[in-house]
2 protein chains.
Amino acid sequence: MPTDRGQAGPTISEVAAEAGVGRATAARTLGGYGYVSPELRARVLAAAEKLGYRANALARSMSTGVSHTLGVIVADIGNPFFAGLLRGVSDTSRARGFDVIVLSTYENLQEEVAATNVLIDKRVDGVIVASAALGRDQVAHLKAAIDRGIPVVLVDRAVSALDLDSVVIDNRDAAREAVEVLIAAGHRRIGFVWGPPVAEAPATRRELLTAASRNLWTDGERLRGYLDALDDAHIPFDPQLVMVGPKTEERVVTEVGRMLALPDRVTAVFCSETDGMTGSLRALRKAGLSYPDDVALIGFDDSAWAAVMEPPLTMIAQPVHELGAKAAQVLLDILGGAEPAREMHTLRSRLIHRSSVAPPVFRDGGVSGRAG
Amino acid sequence: MPTDRGQAGPTISEVAAEAGVGRATAARTLGGYGYVSPELRARVLAAAEKLGYRANALARSMSTGVSHTLGVIVADIGNPFFAGLLRGVSDTSRARGFDVIVLSTYENLQEEVAATNVLIDKRVDGVIVASAALGRDQVAHLKAAIDRGIPVVLVDRAVSALDLDSVVIDNRDAAREAVEVLIAAGHRRIGFVWGPPVAEAPATRRELLTAASRNLWTDGERLRGYLDALDDAHIPFDPQLVMVGPKTEERVVTEVGRMLALPDRVTAVFCSETDGMTGSLRALRKAGLSYPDDVALIGFDDSAWAAVMEPPLTMIAQPVHELGAKAAQVLLDILGGAEPAREMHTLRSRLIHRSSVAPPVFRDGGVSGRAG
DNA sequence: CCCCCGCGTGATACCGGTATCAGGTCCCGA
DNA sequence: TCGGGACCTGATACCGGTATCACGCGGGGG
């Protein structure tokens, strides 16, 4: 069926025939390489225009070995954080002529491996990944990509077992700063809505740190920041005040409710993620408490909503767009021939002071902290 | 440099050589077509395993003509609405073995055309697009894709000039229902945070409708729903109560502020998008007003935040994930050989009644409506 | 006047798969 | 014993580009 050919659009040979020149001449003209006399060039261009010629990028990639496509692997494309990051990646790569294939892993390493294979098969030029990998035994898929000559840049999460460029924010500092603000306001019973899914609640600080190292890099860093601030203020660590387990809003509600019901209850809560903040707010309401007087609040991931809450919430804003943009830039530079720096590019987050932090109030019949 | 070959991974020929069989035999084994004796099959498989063979999807696409890749064109990948939609697309297409290239247009038709061309060039098997196109003169790029045999499915926005499958929500009904709720509560001065960028504020209902037809389909539908509800209740339309122009949060703040400052001020506000609601909330606070008593509020695009506001907000929840999933499903079915239905698949949105709607209060020295 | 060189063009070998088809082997029946 | 057919296997022509190279033609120098 010659009609089928019309379907998929004209090829370079058809343009050449139409223009009455050789295939190679048409190819040189349309491909923009080699020399073609102005006269023939004009004829080819006219023929291409007439036929509506568009180069087949697949065929081009076959012979050049470059696809002008980047692969991006994130936990969840539907999460506003990753959506913003993706926008950063997408904006800067499009500006340099690259397109993006996005794959979500839902924090599942199997999916991450599968995603990597898909990208290898599709011969992307480079990969940006927010990896869930931790130990040396979990990075084989990324190593495989690199071995095949596909540069990999990590984003949002560093992976110590891999010596790669990674673009992250100062998670530890950000968490420490937030908790310091809480401490400076006089709080000593500070709950932490954390949430890596661990087998059982860690009882000691050591167990907690172990759990942290077995989980997402960002979570580990934020926990360390929390601990840093406590240590500096000589506030003893209390395992009852950190929530572990899946970070669903429902669980946050019950867990924060628990911390609020403790005899020596929490007077401040620090949330490690957006869902943490909305969950905490529900828990507060359920307990008939309000902020900032009954409990002070700081959370990760600012949004337009946080600013219109009454009172407005003090939040940590991550530079989501820049995170993605920088990752793309580093990767594109490597593709452009730059030597990989294999370093950690740390972007600064920003603590936005609004009105959800106030000093703890000492209620009748109870002391809300050991502050003296 | 034979080392370069090692870089990109082994080819089928190398596997064949390693296994000591012909290229075609290795291809049949690895490609899973034709017949190969168990013995040779085992040898090929072993060789492939040993060499770490992965098929080059580009080469495969070249000869089969299918890329197992879908193209998705949205306004803004960073927008939570599209991010959720994209997740729906991505989930269902991955389940069927398709991957996704995402392009953002930022509501710019030029970008949409460019995006379409990129997808044509990369030979995607199908396209899902939330198009900004309106008239017959703005759909050439989509027609071109279809002419080349690439099926197109519209999502979120229908395009009347194109007879295609489109997956949308009941925008008009949703808007009408929301405004009806406001009217039922006794409101007659109902502001509409709308927002298509029009040259100058339309003074009449007719001008407004004209403006609507020159803008995003969803916006037009929502405007009609607003008007429907007003008509049914015999409430005269007042152009002062609908905000036009770019829907940035800043503009919403000033525009809603204006409506609030009117002599016969607004007692309820209906917002056509997330930014509309946060902007309205800021405007309220600025005016020293609160909801639901001073002004009732209903907005589009529910989020976890709307539920934790105090009082919680009554919102319209769009089935974002389903929107994307359904679009992907329709497209994939067409790719699977199904005849395009060329119909409008309308998904139901849900009005979530919370506590931001109350009857208007009649204040000292002024009547807030003509309700008697 | 002829040769050589350079320029412009077209023929062609890739890239790495798919898919068709020719041909070799082996077995069976006449 | 020989012919025919079924069954495997491998050679090869695509897909649509890129890039190398050979060739023909024209002009300038010896």
# chains A, B, ... in the order shown; residues from 1 in each chain; ligands from 1
$ interface_residues --of "chain A" --to "chain D" --cutoff "12 Å" --atoms "only C-alpha atoms (C1' of nucleotides)" --output "MDAnalysis selection string"
chainID A and resid 5 8:14 23:28 30:34 54:66
$ write_last_selection --atoms "C-alpha atoms" --output "PDB file, in the first residue's frame"
ATOM      1  CA  ARG A   5       3.689   5.997   3.125  1.00  0.00           C
ATOM      2  CA  ALA A   8       3.705   8.615   8.073  1.00  0.00           C
ATOM      3  CA  GLY A   9       4.920  11.674   6.228  1.00  0.00           C
ATOM      4  CA  PRO A  10       7.471  12.036   3.447  1.00  0.00           C
ATOM      5  CA  THR A  11      11.050  10.810   3.783  1.00  0.00           C
ATOM      6  CA  ILE A  12      14.193  12.440   2.600  1.00  0.00           C
ATOM      7  CA  SER A  13      14.201  10.230  -0.506  1.00  0.00           C
ATOM      8  CA  GLU A  14      10.784  11.472  -1.509  1.00  0.00           C
ATOM      9  CA  ARG A  23      19.228  11.658  -1.741  1.00  0.00           C
ATOM     10  CA  ALA A  24      22.491  12.863  -0.249  1.00  0.00           C
ATOM     11  CA  THR A  25      21.962  16.388  -1.492  1.00  0.00           C
ATOM     12  CA  ALA A  26      18.516  16.549   0.009  1.00  0.00           C
ATOM     13  CA  ALA A  27      19.902  15.105   3.226  1.00  0.00           C
ATOM     14  CA  ARG A  28      22.671  17.694   3.389  1.00  0.00           C
ATOM     15  CA  LEU A  30      17.658  19.318   5.302  1.00  0.00           C
ATOM     16  CA  GLY A  31      20.185  18.082   7.814  1.00  0.00           C
ATOM     17  CA  GLY A  32      22.088  21.337   7.651  1.00  0.00           C
ATOM     18  CA  TYR A  33      25.505  19.804   7.094  1.00  0.00           C
ATOM     19  CA  GLY A  34      27.906  19.598   4.172  1.00  0.00           C
ATOM     20  CA  ARG A  54       9.690  16.596   8.930  1.00  0.00           C
ATOM     21  CA  ALA A  55      12.846  14.722   9.817  1.00  0.00           C
ATOM     22  CA  ASN A  56      12.382  11.412  11.593  1.00  0.00           C
ATOM     23  CA  ALA A  57      14.149  11.969  14.889  1.00  0.00           C
ATOM     24  CA  LEU A  58      14.356   8.235  15.512  1.00  0.00           C
ATOM     25  CA  ALA A  59      16.260   7.608  12.324  1.00  0.00           C
ATOM     26  CA  ARG A  60      18.510  10.509  13.081  1.00  0.00           C
ATOM     27  CA  SER A  61      19.202   9.171  16.545  1.00  0.00           C
ATOM     28  CA  MET A  62      20.016   5.792  15.064  1.00  0.00           C
ATOM     29  CA  SER A  63      22.902   7.095  13.085  1.00  0.00           C
ATOM     30  CA  THR A  64      24.104   9.897  15.299  1.00  0.00           C
ATOM     31  CA  GLY A  65      23.711   8.029  18.553  1.00  0.00           C
ATOM     32  CA  VAL A  66      22.125  11.059  20.237  1.00  0.00           C
TER      33      VAL A  66
END
$ closest_atom_pairs --of "chain C" --to "chain B" --cutoff "9 Å" --atoms "only C-alpha atoms (C1' of nucleotides)" --output "JSON lines"
{"residue": "C:DC15", "atom": "C1'", "partner": "B:Ala59", "partner_atom": "CA", "distance": 8.1}
{"residue": "C:DG16", "atom": "C1'", "partner": "B:Ala59", "partner_atom": "CA", "distance": 5.1}
{"residue": "C:DG17", "atom": "C1'", "partner": "B:Ala59", "partner_atom": "CA", "distance": 4.6}
{"residue": "C:DT18", "atom": "C1'", "partner": "B:Ser63", "partner_atom": "CA", "distance": 5.7}
$ interface_residues --of "chain B" --to "chain A" --cutoff "9 Å" --atoms "only C-alpha atoms" --output "PDB file with C-alpha atoms, in the first residue's frame"
ATOM      1  CA  GLY B   6      31.194  -1.592  24.633  1.00  0.00           C
ATOM      2  CA  GLN B   7      29.989   1.807  25.814  1.00  0.00           C
ATOM      3  CA  ALA B   8      26.620   1.648  24.183  1.00  0.00           C
ATOM      4  CA  GLY B   9      25.920  -1.949  25.061  1.00  0.00           C
ATOM      5  CA  ARG B  54      19.247  -4.760  26.006  1.00  0.00           C
ATOM      6  CA  ALA B  55      17.319  -4.179  22.821  1.00  0.00           C
ATOM      7  CA  ASN B  56      17.657  -0.762  21.247  1.00  0.00           C
ATOM      8  CA  ALA B  57      14.119   0.561  21.304  1.00  0.00           C
ATOM      9  CA  LEU B  58      14.977   3.194  18.692  1.00  0.00           C
ATOM     10  CA  ALA B  59      16.090   0.600  16.170  1.00  0.00           C
ATOM     11  CA  SER B  61      10.790   1.539  16.373  1.00  0.00           C
ATOM     12  CA  MET B  62      12.526   2.208  13.083  1.00  0.00           C
ATOM     13  CA  GLY B  65       6.953   1.929  13.085  1.00  0.00           C
ATOM     14  CA  ASP B  76       2.079  23.657  32.848  1.00  0.00           C
ATOM     15  CA  ILE B  77       3.584  20.523  34.247  1.00  0.00           C
ATOM     16  CA  GLY B  78       4.228  22.377  37.508  1.00  0.00           C
ATOM     17  CA  ASN B  79       0.554  23.084  38.091  1.00  0.00           C
ATOM     18  CA  PRO B  80      -0.899  20.586  40.606  1.00  0.00           C
ATOM     19  CA  PHE B  81      -3.939  20.075  38.380  1.00  0.00           C
ATOM     20  CA  PHE B  82      -1.870  18.984  35.403  1.00  0.00           C
ATOM     21  CA  ALA B  83       0.556  17.121  37.607  1.00  0.00           C
ATOM     22  CA  GLY B  84      -2.311  15.007  38.888  1.00  0.00           C
ATOM     23  CA  LEU B  85      -3.678  14.549  35.409  1.00  0.00           C
ATOM     24  CA  LEU B  86      -0.250  13.532  34.178  1.00  0.00           C
ATOM     25  CA  ARG B  87      -0.030  10.982  36.916  1.00  0.00           C
ATOM     26  CA  GLY B  88      -3.235   9.453  35.634  1.00  0.00           C
ATOM     27  CA  SER B  90       1.432   8.000  33.209  1.00  0.00           C
ATOM     28  CA  ASP B  91       0.014   5.275  35.441  1.00  0.00           C
ATOM     29  CA  ARG B  94       2.916   2.473  31.843  1.00  0.00           C
ATOM     30  CA  ASP B  99       6.083   5.752  28.183  1.00  0.00           C
ATOM     31  CA  VAL B 100       5.363   9.413  28.148  1.00  0.00           C
ATOM     32  CA  ILE B 101       7.035  12.542  26.824  1.00  0.00           C
ATOM     33  CA  VAL B 102       5.642  15.655  28.484  1.00  0.00           C
ATOM     34  CA  LEU B 103       5.735  19.170  27.076  1.00  0.00           C
ATOM     35  CA  SER B 104       4.441  22.391  28.645  1.00  0.00           C
ATOM     36  CA  ASN B 117       6.115  19.076  15.966  1.00  0.00           C
ATOM     37  CA  VAL B 118       8.539  17.642  18.467  1.00  0.00           C
ATOM     38  CA  ILE B 120       5.654  14.187  15.373  1.00  0.00           C
ATOM     39  CA  ASP B 121       9.407  14.166  14.861  1.00  0.00           C
ATOM     40  CA  LYS B 122       9.940  11.722  17.691  1.00  0.00           C
ATOM     41  CA  ARG B 123       7.282   9.517  16.157  1.00  0.00           C
ATOM     42  CA  ILE B 146      -3.736  13.236  12.635  1.00  0.00           C
ATOM     43  CA  ASP B 147      -2.955  13.358   8.925  1.00  0.00           C
ATOM     44  CA  ARG B 148       0.291  11.635   9.697  1.00  0.00           C
ATOM     45  CA  GLY B 149      -1.580   8.854  11.386  1.00  0.00           C
ATOM     46  CA  ILE B 150      -0.975   9.950  14.955  1.00  0.00           C
ATOM     47  CA  ASP B 275      -5.089  30.703  42.732  1.00  0.00           C
ATOM     48  CA  THR B 278      -6.026  31.929  47.845  1.00  0.00           C
ATOM     49  CA  GLY B 279      -6.175  35.358  46.270  1.00  0.00           C
ATOM     50  CA  LEU B 281      -8.783  34.869  50.943  1.00  0.00           C
ATOM     51  CA  ARG B 282      -6.033  37.466  50.970  1.00  0.00           C
ATOM     52  CA  ARG B 285      -8.225  39.556  55.119  1.00  0.00           C
ATOM     53  CA  ALA B 304      -5.766  19.005  51.401  1.00  0.00           C
ATOM     54  CA  TRP B 305      -5.362  22.602  52.511  1.00  0.00           C
ATOM     55  CA  ALA B 306      -8.945  23.582  51.800  1.00  0.00           C
ATOM     56  CA  ALA B 307     -10.066  21.011  54.350  1.00  0.00           C
ATOM     57  CA  VAL B 308      -7.858  22.326  57.130  1.00  0.00           C
ATOM     58  CA  MET B 309      -8.697  25.972  56.708  1.00  0.00           C
ATOM     59  CA  GLU B 310     -10.673  27.410  59.577  1.00  0.00           C
ATOM     60  CA  HIS B 321      -6.309  11.377  38.080  1.00  0.00           C
TER      61      HIS B 321
END
$ residues_around --residues "B:Thr204" --least-positions-apart "6" --cutoff "12 Å" --atoms "only C-alpha atoms (C1' of nucleotides)" --output "list of chain:residue names"
B:Thr210, B:Ala211, B:Pro236, B:Phe237, B:Asp238, B:Pro239, B:Gln240, B:Leu241, B:Val242
$ residues_around --residues "B:Ser213" --least-positions-apart "6" --cutoff "9 Å" --atoms "only C-alpha atoms (C1' of nucleotides)" --output "number ranges by chain"
B: 134, 219-220
$ write_last_selection --atoms "N, CA and C atoms" --output "PDB file, in the first residue's frame"
ATOM      1  N   LEU B 134      -8.605  27.375  19.696  1.00  0.00           N
ATOM      2  CA  LEU B 134     -10.027  27.692  19.709  1.00  0.00           C
ATOM      3  C   LEU B 134     -10.639  27.530  18.325  1.00  0.00           C
ATOM      4  N   ASP B 219     -12.811  27.866  30.663  1.00  0.00           N
ATOM      5  CA  ASP B 219     -13.239  29.165  31.176  1.00  0.00           C
ATOM      6  C   ASP B 219     -14.613  29.523  30.625  1.00  0.00           C
ATOM      7  N   GLY B 220     -14.802  29.302  29.346  1.00  0.00           N
ATOM      8  CA  GLY B 220     -16.088  29.603  28.722  1.00  0.00           C
ATOM      9  C   GLY B 220     -17.212  28.828  29.380  1.00  0.00           C
TER      10      GLY B 220
END
$ residues_around --residues "A:Leu351" --least-positions-apart "2" --cutoff "12 Å" --atoms "only C-alpha atoms (C1' of nucleotides)" --output "JSON, numbers by chain"
{"A": [170, 171, 173, 174, 175, 176, 177, 178, 179, 180, 181, 298, 299, 300, 301, 302, 313, 314, 315, 316, 317, 318, 319, 348, 349, 353, 354]}
$ select_by_dssp --residues "stretch 100-337 of chain B" --states "helix (DSSP H, G or I)" --output "PyMOL selection string"
chain B and resi 109-121+136-138+140-147+171-184+205-213+217-232+239-241+249-261+274-286+304-308+320-335
$ select_by_dssp --residues "stretch 58-109 of chain A" --states "strand (DSSP E)" --output "ChimeraX atom specification"
/A:69-74,99-104
$ residues_around --residues "B:Glu343" --least-positions-apart "2" --cutoff "9 Å" --atoms "only C-alpha atoms (C1' of nucleotides)" --output "mmCIF file with N, CA and C atoms, in the first residue's frame"
data_model
loop_
_atom_site.group_PDB
_atom_site.id
_atom_site.type_symbol
_atom_site.label_atom_id
_atom_site.label_comp_id
_atom_site.auth_asym_id
_atom_site.auth_seq_id
_atom_site.Cartn_x
_atom_site.Cartn_y
_atom_site.Cartn_z
ATOM 1 N N ASP B 163 -13.116 17.348 15.527
ATOM 2 C CA ASP B 163 -14.038 16.273 15.878
ATOM 3 C C ASP B 163 -13.251 15.096 16.434
ATOM 4 N N LEU B 164 -12.878 15.233 17.708
ATOM 5 C CA LEU B 164 -12.016 14.224 18.323
ATOM 6 C C LEU B 164 -12.582 13.744 19.648
ATOM 7 N N ASP B 165 -12.073 12.609 20.102
ATOM 8 C CA ASP B 165 -12.407 12.196 21.455
ATOM 9 C C ASP B 165 -11.848 13.233 22.415
ATOM 10 N N SER B 166 -12.651 13.624 23.385
ATOM 11 C CA SER B 166 -12.119 14.527 24.399
ATOM 12 C C SER B 166 -12.621 14.098 25.767
ATOM 13 N N VAL B 167 -11.733 14.191 26.720
ATOM 14 C CA VAL B 167 -12.057 13.783 28.084
ATOM 15 C C VAL B 167 -12.052 15.023 28.954
ATOM 16 N N PRO B 340 -12.023 5.310 16.735
ATOM 17 C CA PRO B 340 -12.226 6.484 17.593
ATOM 18 C C PRO B 340 -13.720 6.821 17.686
ATOM 19 N N ALA B 341 -14.191 7.032 18.896
ATOM 20 C CA ALA B 341 -15.610 7.337 19.072
ATOM 21 C C ALA B 341 -15.893 8.799 18.747
ATOM 22 N N HIS B 345 -16.142 12.642 26.438
ATOM 23 C CA HIS B 345 -16.270 11.819 27.631
ATOM 24 C C HIS B 345 -16.287 12.771 28.817
#
$ atom_distance --atom1 "atom CA of A:Asp232" --atom2 "atom CA of A:Arg188"
12.1 Å
$ atom_distance --atom1 "atom CA of B:Val127" --atom2 "atom CA of A:Tyr106"
24.5 Å
